[in-house]
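Enquirer: Sharing data-v5.cif, mmCIF, C-alpha atoms:
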```cif
data_coords
loop_
_atom_site.label_atom_id
_atom_site.label_comp_id
_atom_site.auth_asym_id
_atom_site.auth_seq_id
_atom_site.Cartn_x
_atom_site.Cartn_y
_atom_site.Cartn_z
CA MET A 18 4.89 -20.85 -8.65
CA ARG A 19 1.35 -19.75 -9.39
CA GLY A 20 0.58 -16.09 -9.94
CA LEU A 21 -2.08 -14.55 -7.74
CA VAL A 22 -5.03 -12.41 -8.76
CA ILE A 23 -5.29 -9.72 -6.10
CA VAL A 24 -8.10 -7.18 -5.81
CA TYR A 25 -7.98 -4.02 -3.69
CA THR A 26 -11.42 -2.45 -3.65
CA GLY A 27 -13.71 -0.43 -1.35
CA ASN A 28 -14.33 3.25 -0.71
CA GLY A 29 -11.34 3.80 1.61
CA LYS A 30 -7.90 5.21 1.04
CA GLY A 31 -5.10 2.69 0.51
CA LYS A 32 -6.00 0.76 -2.66
CA THR A 33 -3.47 2.29 -5.04
CA THR A 34 -0.91 2.76 -2.27
CA ALA A 35 -1.24 -0.91 -1.28
CA ALA A 36 -0.67 -1.93 -4.90
CA LEU A 37 2.30 0.41 -5.04
CA GLY A 38 3.70 -1.07 -1.82
CA GLN A 39 3.21 -4.51 -3.31
CA ALA A 40 5.17 -3.40 -6.37
CA ILE A 41 8.00 -2.12 -4.18
CA ARG A 42 8.21 -5.39 -2.29
CA ALA A 43 8.07 -7.36 -5.53
CA VAL A 44 10.82 -5.44 -7.35
CA GLY A 45 13.00 -5.73 -4.24
CA SER A 46 12.55 -9.49 -4.50
CA GLY A 47 13.70 -9.43 -8.10
CA LEU A 48 10.30 -9.49 -9.80
CA LYS A 49 9.59 -7.37 -12.88
CA VAL A 50 6.66 -5.05 -12.35
CA LEU A 51 4.46 -2.90 -14.59
CA ILE A 52 1.88 -0.46 -13.25
CA LEU A 53 -0.75 0.58 -15.79
CA GLN A 54 -2.96 3.42 -14.67
CA PHE A 55 -6.40 3.42 -16.28
CA ILE A 56 -7.55 6.72 -14.85
CA LYS A 57 -4.60 8.75 -13.69
CA GLY A 58 -2.73 10.86 -16.19
CA GLY A 59 -0.71 14.01 -16.34
CA GLN A 60 -0.28 14.87 -12.69
CA ARG A 61 3.17 14.21 -11.18
CA TYR A 62 2.61 11.77 -8.38
CA GLY A 63 5.56 11.19 -6.03
CA GLU A 64 5.75 7.52 -6.98
CA LEU A 65 6.81 8.42 -10.53
CA GLU A 66 10.02 9.95 -9.21
CA THR A 67 10.70 6.97 -6.97
CA LEU A 68 10.12 4.38 -9.69
CA GLU A 69 12.41 6.35 -11.99
CA ILE A 70 15.24 5.93 -9.47
CA LEU A 71 14.58 2.19 -9.19
CA LYS A 72 14.57 1.90 -12.97
CA ASN A 73 17.89 3.72 -13.20
CA ALA A 74 19.26 1.22 -10.67
CA GLY A 75 18.40 -1.58 -13.09
CA LEU A 76 15.11 -2.81 -11.61
CA THR A 77 12.09 -3.36 -13.81
CA ALA A 78 9.60 -1.01 -12.22
CA GLU A 79 7.59 0.67 -14.94
CA ILE A 80 4.62 2.95 -14.51
CA ARG A 81 2.48 4.22 -17.35
CA GLN A 82 -0.22 6.79 -16.78
CA CYS A 83 -2.66 6.12 -19.57
CA GLY A 84 -5.75 7.87 -18.27
CA LEU A 85 -6.97 11.43 -18.54
CA GLY A 86 -7.60 11.97 -14.84
CA PHE A 87 -10.84 11.33 -13.00
CA THR A 88 -13.88 11.39 -15.19
CA SER A 89 -15.41 14.48 -13.73
CA ARG A 90 -13.02 16.29 -16.07
CA GLY A 91 -13.57 16.25 -19.84
CA GLU A 92 -15.75 14.36 -22.29
CA LYS A 93 -16.70 10.77 -21.55
CA GLU A 94 -15.90 9.77 -25.14
CA ASN A 95 -12.29 10.85 -24.65
CA HIS A 96 -12.06 8.83 -21.44
CA LYS A 97 -13.50 5.83 -23.28
CA ALA A 98 -10.92 6.10 -26.04
CA ALA A 99 -8.11 6.33 -23.46
CA ALA A 100 -9.48 3.29 -21.60
CA ALA A 101 -9.70 1.29 -24.85
CA GLU A 102 -6.09 2.11 -25.61
CA THR A 103 -5.01 1.17 -22.06
CA LEU A 104 -6.91 -2.12 -22.40
CA LYS A 105 -4.99 -2.87 -25.57
CA ILE A 106 -1.65 -2.18 -23.88
CA ALA A 107 -2.73 -4.32 -20.90
CA ARG A 108 -3.55 -7.28 -23.19
CA GLU A 109 -0.23 -6.99 -24.99
CA GLU A 110 1.85 -6.71 -21.84
CA ILE A 111 -0.01 -9.51 -20.04
CA LEU A 112 0.78 -11.80 -22.96
CA SER A 113 4.31 -10.46 -23.48
CA GLY A 114 5.97 -12.50 -20.75
CA LYS A 115 8.08 -9.46 -19.86
CA PHE A 116 6.63 -8.97 -16.39
CA ASP A 117 6.06 -11.03 -13.22
CA MET A 118 3.48 -8.64 -11.83
CA ILE A 119 1.12 -6.24 -13.57
CA ILE A 120 -0.97 -3.73 -11.66
CA LEU A 121 -4.14 -2.52 -13.37
CA ASP A 122 -4.71 0.59 -11.32
CA GLU A 123 -8.29 1.92 -11.08
CA ILE A 124 -9.55 -0.61 -13.63
CA ASN A 125 -12.60 -1.28 -11.42
CA TYR A 126 -13.47 2.39 -11.56
CA ALA A 127 -13.13 2.31 -15.35
CA VAL A 128 -15.62 -0.58 -15.51
CA LYS A 129 -17.99 1.00 -13.02
CA PHE A 130 -18.01 4.24 -14.99
CA GLY A 131 -18.68 2.41 -18.27
CA LEU A 132 -15.31 3.11 -19.90
CA LEU A 133 -14.70 -0.64 -20.22
CA THR A 134 -17.09 -3.57 -20.07
CA GLU A 135 -16.93 -6.09 -17.26
CA ASP A 136 -16.12 -8.80 -19.81
CA GLU A 137 -13.17 -6.86 -21.21
CA MET A 138 -11.77 -6.62 -17.69
CA LEU A 139 -12.43 -10.26 -16.79
CA ASP A 140 -10.82 -11.31 -20.05
CA LEU A 141 -7.51 -9.80 -18.89
CA VAL A 142 -7.59 -12.13 -15.90
CA LYS A 143 -8.45 -15.12 -18.06
CA ILE A 144 -5.74 -14.68 -20.67
CA ARG A 145 -2.92 -14.17 -18.19
CA PRO A 146 -0.06 -16.70 -18.09
CA PRO A 147 -0.55 -18.74 -14.89
CA GLU A 148 2.66 -17.48 -13.27
CA LEU A 149 1.79 -13.76 -13.67
CA HIS A 150 0.61 -11.84 -10.59
CA LEU A 151 -2.23 -9.49 -11.49
CA ILE A 152 -3.43 -6.75 -9.15
CA LEU A 153 -6.67 -4.90 -9.90
CA THR A 154 -7.61 -1.80 -7.94
CA GLY A 155 -10.51 0.60 -7.72
CA ARG A 156 -13.76 0.85 -5.81
CA ASP A 157 -16.82 -1.23 -6.71
CA ALA A 158 -15.01 -4.34 -7.98
CA SER A 159 -17.51 -6.53 -9.84
CA GLU A 160 -18.91 -9.67 -8.20
CA LYS A 161 -17.53 -11.84 -10.96
CA LEU A 162 -14.02 -10.47 -10.46
CA ILE A 163 -14.23 -11.16 -6.72
CA GLU A 164 -15.32 -14.71 -7.56
CA ILE A 165 -12.28 -15.50 -9.72
CA ALA A 166 -9.71 -13.60 -7.61
CA ASP A 167 -7.38 -15.30 -5.13
CA LEU A 168 -7.11 -12.45 -2.66
CA VAL A 169 -9.61 -9.65 -2.13
CA THR A 170 -9.33 -6.84 0.40
CA GLU A 171 -12.02 -4.24 0.86
CA MET A 172 -10.57 -0.92 2.00
CA LYS A 173 -13.35 0.61 4.09
CA ALA A 174 -13.26 4.30 4.90
CA VAL A 175 -13.75 4.63 8.64
CA LYS A 176 -12.65 8.25 8.66
CA HIS A 177 -11.36 10.57 5.93
CA PRO A 178 -9.62 13.92 6.45
CA PHE A 179 -11.57 15.63 3.66
CA GLU A 180 -14.59 15.27 5.96
CA LYS A 181 -12.73 17.44 8.42
CA GLY A 182 -11.98 19.99 5.70
CA ILE A 183 -8.28 19.07 5.46
CA LYS A 184 -6.99 19.47 1.90
CA ALA A 185 -5.09 16.93 -0.22
CA GLN A 186 -1.40 17.10 0.62
CA LYS A 187 1.81 16.60 -1.29
CA GLY A 188 3.39 13.25 -0.44
CA ILE A 189 0.08 11.91 0.88
CA GLU A 190 -2.51 12.25 -1.86
CA PHE A 191 -0.13 12.88 -4.75
CA MET B 1 1.03 22.21 6.41
CA ARG B 2 -0.45 19.98 9.09
CA GLY B 3 0.75 16.40 9.41
CA LEU B 4 -1.87 13.67 9.27
CA VAL B 5 -2.39 10.76 11.61
CA ILE B 6 -3.26 7.81 9.38
CA VAL B 7 -4.39 4.39 10.61
CA TYR B 8 -4.48 1.24 8.47
CA THR B 9 -6.21 -1.50 10.41
CA GLY B 10 -8.48 -4.53 9.87
CA ASN B 11 -7.92 -8.24 9.24
CA GLY B 12 -7.20 -7.97 5.50
CA LYS B 13 -3.99 -7.87 3.52
CA GLY B 14 -2.73 -4.43 2.49
CA LYS B 15 -2.04 -2.56 5.73
CA THR B 16 1.75 -2.67 5.67
CA THR B 17 1.88 -2.52 1.88
CA ALA B 18 -0.37 0.59 1.88
CA ALA B 19 1.97 2.24 4.39
CA LEU B 20 4.91 1.22 2.25
CA GLY B 21 3.23 2.66 -0.87
CA GLN B 22 2.57 5.83 1.08
CA ALA B 23 6.27 5.99 1.97
CA ILE B 24 7.23 5.56 -1.69
CA ARG B 25 4.94 8.37 -2.76
CA ALA B 26 6.19 10.58 0.04
CA VAL B 27 9.92 10.12 -0.62
CA GLY B 28 9.28 10.75 -4.32
CA SER B 29 7.72 14.06 -3.30
CA GLY B 30 10.83 14.96 -1.31
CA LEU B 31 9.63 13.99 2.15
CA LYS B 32 11.92 12.20 4.61
CA VAL B 33 10.49 8.91 5.77
CA LEU B 34 11.26 6.45 8.55
CA ILE B 35 9.58 3.04 8.84
CA LEU B 36 9.83 1.47 12.29
CA GLN B 37 8.70 -2.12 12.45
CA PHE B 38 7.44 -3.18 15.87
CA ILE B 39 6.99 -6.85 15.08
CA LYS B 40 8.99 -7.78 12.01
CA GLY B 41 12.64 -8.65 12.41
CA GLY B 42 15.26 -10.80 10.80
CA GLN B 43 13.50 -11.92 7.62
CA ARG B 44 14.61 -10.25 4.38
CA TYR B 45 11.53 -8.59 2.96
CA GLY B 46 11.77 -7.29 -0.61
CA GLU B 47 11.13 -3.71 0.49
CA LEU B 48 14.46 -3.64 2.36
CA GLU B 49 16.33 -4.02 -0.92
CA THR B 50 14.24 -1.35 -2.61
CA LEU B 51 14.62 1.19 0.18
CA GLU B 52 18.36 0.57 0.18
CA ILE B 53 18.49 1.65 -3.48
CA LEU B 54 16.48 4.79 -2.74
CA LYS B 55 18.79 5.60 0.16
CA ASN B 56 21.84 5.20 -2.05
CA ALA B 57 20.19 7.64 -4.48
CA GLY B 58 20.13 10.23 -1.70
CA LEU B 59 16.52 9.93 -0.53
CA THR B 60 15.69 9.62 3.15
CA ALA B 61 13.88 6.29 3.19
CA GLU B 62 14.90 4.39 6.28
CA ILE B 63 13.48 1.14 7.53
CA ARG B 64 14.36 -0.44 10.89
CA GLN B 65 13.14 -3.88 11.79
CA CYS B 66 13.07 -3.78 15.57
CA GLY B 67 10.82 -6.75 16.32
CA LEU B 68 11.53 -10.43 16.78
CA GLY B 69 8.93 -11.71 14.32
CA PHE B 70 5.33 -12.57 15.10
CA THR B 71 4.72 -13.47 18.69
CA SER B 72 3.96 -17.11 18.11
CA ARG B 73 7.73 -17.49 18.09
CA GLY B 74 9.76 -17.13 21.31
CA GLU B 75 9.13 -15.87 24.82
CA LYS B 76 6.69 -13.04 25.38
CA GLU B 77 9.14 -11.32 27.72
CA ASN B 78 11.65 -11.02 24.87
CA HIS B 79 8.99 -9.54 22.60
CA LYS B 80 8.08 -7.07 25.34
CA ALA B 81 11.68 -5.95 25.73
CA ALA B 82 11.99 -5.47 21.95
CA ALA B 83 8.75 -3.46 21.87
CA ALA B 84 9.91 -1.26 24.75
CA GLU B 85 13.15 -0.56 22.88
CA THR B 86 11.23 0.22 19.66
CA LEU B 87 8.95 2.56 21.59
CA LYS B 88 11.99 4.41 22.88
CA ILE B 89 13.39 4.79 19.36
CA ALA B 90 9.96 5.93 18.12
CA ARG B 91 9.76 8.65 20.79
CA GLU B 92 13.25 9.89 19.98
CA GLU B 93 12.72 9.97 16.24
CA ILE B 94 9.28 11.58 16.49
CA LEU B 95 10.83 14.39 18.52
CA SER B 96 14.03 14.55 16.45
CA GLY B 97 12.63 16.65 13.63
CA LYS B 98 14.62 14.55 11.14
CA PHE B 99 11.58 13.08 9.39
CA ASP B 100 8.42 14.29 7.67
CA MET B 101 6.67 10.93 7.93
CA ILE B 102 7.11 8.10 10.42
CA ILE B 103 5.42 4.75 9.95
CA LEU B 104 4.84 2.68 13.10
CA ASP B 105 4.32 -0.68 11.46
CA GLU B 106 2.26 -3.26 13.38
CA ILE B 107 2.11 -1.07 16.46
CA ASN B 108 -1.59 -1.90 16.85
CA TYR B 109 -0.72 -5.58 16.98
CA ALA B 110 1.92 -4.85 19.63
CA VAL B 111 -0.71 -3.10 21.77
CA LYS B 112 -3.32 -5.80 21.18
CA PHE B 113 -0.86 -8.50 22.21
CA GLY B 114 0.12 -6.61 25.36
CA LEU B 115 3.68 -5.74 24.33
CA LEU B 116 2.89 -2.03 24.74
CA THR B 117 0.11 -0.26 26.61
CA GLU B 118 -2.54 1.70 24.74
CA ASP B 119 -1.38 4.85 26.55
CA GLU B 120 2.22 4.38 25.42
CA MET B 121 1.00 4.18 21.83
CA LEU B 122 -1.39 7.16 22.13
CA ASP B 123 1.37 9.18 23.69
CA LEU B 124 3.42 8.87 20.47
CA VAL B 125 0.58 10.57 18.61
CA LYS B 126 0.26 13.28 21.22
CA ILE B 127 3.92 14.26 21.39
CA ARG B 128 4.43 14.52 17.64
CA PRO B 129 5.32 17.89 16.10
CA PRO B 130 2.17 19.10 14.29
CA GLU B 131 3.76 18.93 10.83
CA LEU B 132 4.82 15.26 11.13
CA HIS B 133 2.77 12.61 9.31
CA LEU B 134 2.32 9.52 11.46
CA ILE B 135 1.05 6.22 10.06
CA LEU B 136 0.04 3.43 12.44
CA THR B 137 -0.68 -0.06 11.10
CA GLY B 138 -1.87 -3.38 12.44
CA ARG B 139 -5.17 -5.10 13.07
CA ASP B 140 -7.42 -4.20 16.01
CA ALA B 141 -6.56 -0.51 16.27
CA SER B 142 -7.84 0.84 19.58
CA GLU B 143 -11.01 2.94 19.70
CA LYS B 144 -9.12 5.85 21.22
CA LEU B 145 -6.59 5.84 18.39
CA ILE B 146 -9.39 5.87 15.81
CA GLU B 147 -10.91 8.82 17.65
CA ILE B 148 -7.80 10.99 17.44
CA ALA B 149 -6.72 9.92 13.92
CA ASP B 150 -7.39 12.00 10.80
CA LEU B 151 -7.71 9.13 8.34
CA VAL B 152 -8.67 5.56 9.16
CA THR B 153 -9.07 2.73 6.66
CA GLU B 154 -10.19 -0.74 7.67
CA MET B 155 -8.71 -3.40 5.39
CA LYS B 156 -11.34 -6.14 5.39
CA ALA B 157 -10.40 -9.61 4.18
CA VAL B 158 -13.03 -10.63 1.64
CA LYS B 159 -10.95 -13.54 0.40
CA HIS B 160 -7.46 -14.78 1.30
CA PRO B 161 -5.37 -17.28 -0.68
CA PHE B 162 -4.25 -19.18 2.42
CA GLU B 163 -7.88 -20.32 2.68
CA LYS B 164 -7.39 -21.96 -0.68
CA GLY B 165 -4.18 -23.62 0.54
CA ILE B 166 -1.90 -21.37 -1.51
CA LYS B 167 1.40 -20.73 0.29
CA ALA B 168 3.08 -17.38 1.03
CA GLN B 169 5.07 -16.29 -2.00
CA LYS B 170 8.25 -14.33 -2.55
CA GLY B 171 7.52 -10.80 -3.73
CA ILE B 172 3.95 -11.00 -2.42
CA GLU B 173 4.08 -11.89 1.27
CA PHE B 174 7.76 -11.16 1.84
#
```
Any chance you could give the structure as structure tokens?
Expert:
Amino acid sequence: MRGLVIVYTGNGKGKTTAALGQAIRAVGSGLKVLILQFIKGGQRYGELETLEILKNAGLTAEIRQCGLGFTSRGEKENHKAAAAETLKIAREEILSGKFDMIILDEINYAVKFGLLTEDEMLDLVKIRPPELHLILTGRDASEKLIEIADLVTEMKAVKHPFEKGIKAQKGIEF
Amino acid sequence: MRGLVIVYTGNGKGKTTAALGQAIRAVGSGLKVLILQFIKGGQRYGELETLEILKNAGLTAEIRQCGLGFTSRGEKENHKAAAAETLKIAREEILSGKFDMIILDEINYAVKFGLLTEDEMLDLVKIRPPELHLILTGRDASEKLIEIADLVTEMKAVKHPFEKGIKAQKGIEF
């Protein structure tokens, strides 16, 4: 069985949730899954509670929030240091053989914003064991990543509630 | 709190998985979720196992596969009868007040293929209690649905592994 390189990109809602749904399907099929979040950190998203329950039931469904939140907050240098540390963890876990699927959440955003180089990101794809599924999310995926990926979906925003002045809601946005 | 009407459409992978990820986030935030599948039936998808675990842990995370599989298989009349039955369940559960979020998986496909009328589908949106989140998935969402929805994402296939001759894989496609 060959692992797939899957990319969820675009400006629409559904990239991280699609990766999360993929993780849920995978763990239910007996795969071991790690979600590494390059940007998110701190905030209690609903999925953390759910994955905790799955973990307690004996499934391998880990999530690690390694970021400092979106980069509008705080110093760019701090975000860069966090991204470098997350990259290091990603390399180690990709090579560890402990997981069947690793989700690199918002890594495209980290590259786009200059927290990581494109080569550092592409290198994670190149070093992966051939049976490992790798999912990379975030808007503005690089052309080179799209070239080497197996499956690429662009999530296009047709309509977004914030345009209508509706606020982010518990259970939907977080 | 106002419930949102969310549509995941388009020809790319990620529609059902995004809805599933949304469900996982929602139940982790304490919301009660029902997933009604208009097309899928029979096959053991990984998410069924996962949702079972969450249910046993006391969360309200129900999934009901009411379809007969994709319509290439079997008589159209049988698919129509199954869709009519699913529609009935959807109406009842939408009005029941038992859930905070209901996912109508592949309902757009059911309309497109003539198993349901557009009006029957739109009616589900119209009758919903204002606080209920409703998520409708499937390619070729109708124009009228897009008009009344709060959030619409088009999942566009940029690249799909079946083009490369890679087969559907456990934990990824099912």
Enquirer: Considering all atoms listed in the file, return as a PyMOL selection string whatever protein or nucleic-acid residues lie within 9 Å of Ala107 in chain A, sequence-local ones (same chain, fewer than 5 positions apart) excluded.
Expert: chain A and resi 53+102+112+119+121+141
Enquirer: Env of Ala185 in chain A: 12 Å cut, atoms = only C-alpha atoms, seq-sep filter 3 positions within chain, self excluded. Answer as an MDAnalysis selection string.
Expert: (chainID A and resid 177:182 188:191) or (chainID B and resid 1:4 151)
Enquirer: Counting only C-alpha atoms, which residues come within 10 Å of (-14.0, -4.2, -10.3), with the point read in the file's coordinates, and could you list them as an MDAnalysis selection string?
Expert: chainID A and resid 24:27 123:129 135 138:139 153:163
Enquirer: Selected by the PyMOL selection byres ((chain B) within 6 of (chain A)) in the shown coordinates: which residues, as a list of chain:residue names?
Expert: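 Given this file, the PyMOL selection byres ((chain B) within 6 of (chain A)) evaluates to B:Gly12, B:Gly14, B:Thr17, B:Ala18, B:Leu20, B:Gly21, B:Gln22, B:Ile24, B:Arg25, B:Ala26, B:Gly28, B:Ser29, B:Gly46, B:Glu47, B:Glu49, B:Thr50, B:Asp150, B:Leu151, B:Val152, B:Thr153, B:Glu154, B:Met155, B:Lys156, B:Ala157, B:Val158, B:Lys159, B:His160, B:Pro161, B:Gly171.
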Enquirer: With distances taken over only C-alpha atoms, which residue among B:Ile35, B:Leu134, B:Phe113, B:Arg128 lies nearest Ala83 in chain B?
Expert: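 Selected residue with least distance to Ala83 in chain B: B:Phe113.
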Enquirer: Report the distance between CA of Ile144 in chain A and CA of Lys93 in chain A in Å, rounded to one decimal place.
Expert: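 Result for CA of Ile144 in chain A versus CA of Lys93 in chain A: 27.7 Å, one decimal.
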Enquirer: Would you compute the distance between CA of Gln82 in chain A and CA of Thr103 in chain A? Give it in Å to one decimal.
Expert: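 Those two atoms sit 9.1 Å apart.
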Enquirer: Check what the PyMOL selection byres ((chain B and resi 64) around 9) selects in the file above and give those residues as a list in words.
Expert: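 Written out, the selection comes to Leu34, Ile35, Leu36, Gln37, Phe38, Gly41, Glu62, Ile63, Gln65 and Cys66 of chain B.
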Enquirer: What does the structure give for the distance between CA of Leu133 in chain A and CA of Ala101 in chain A, in Å to one decimal?
Expert: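 We find that CA of Leu133 in chain A and CA of Ala101 in chain A lie 7.1 Å from each other.
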Enquirer: Translate the PyMOL selection byres ((chain A and resi 95-97) around 8) into a concrete residue list for this structure, as a count of residues only.
Expert: 14
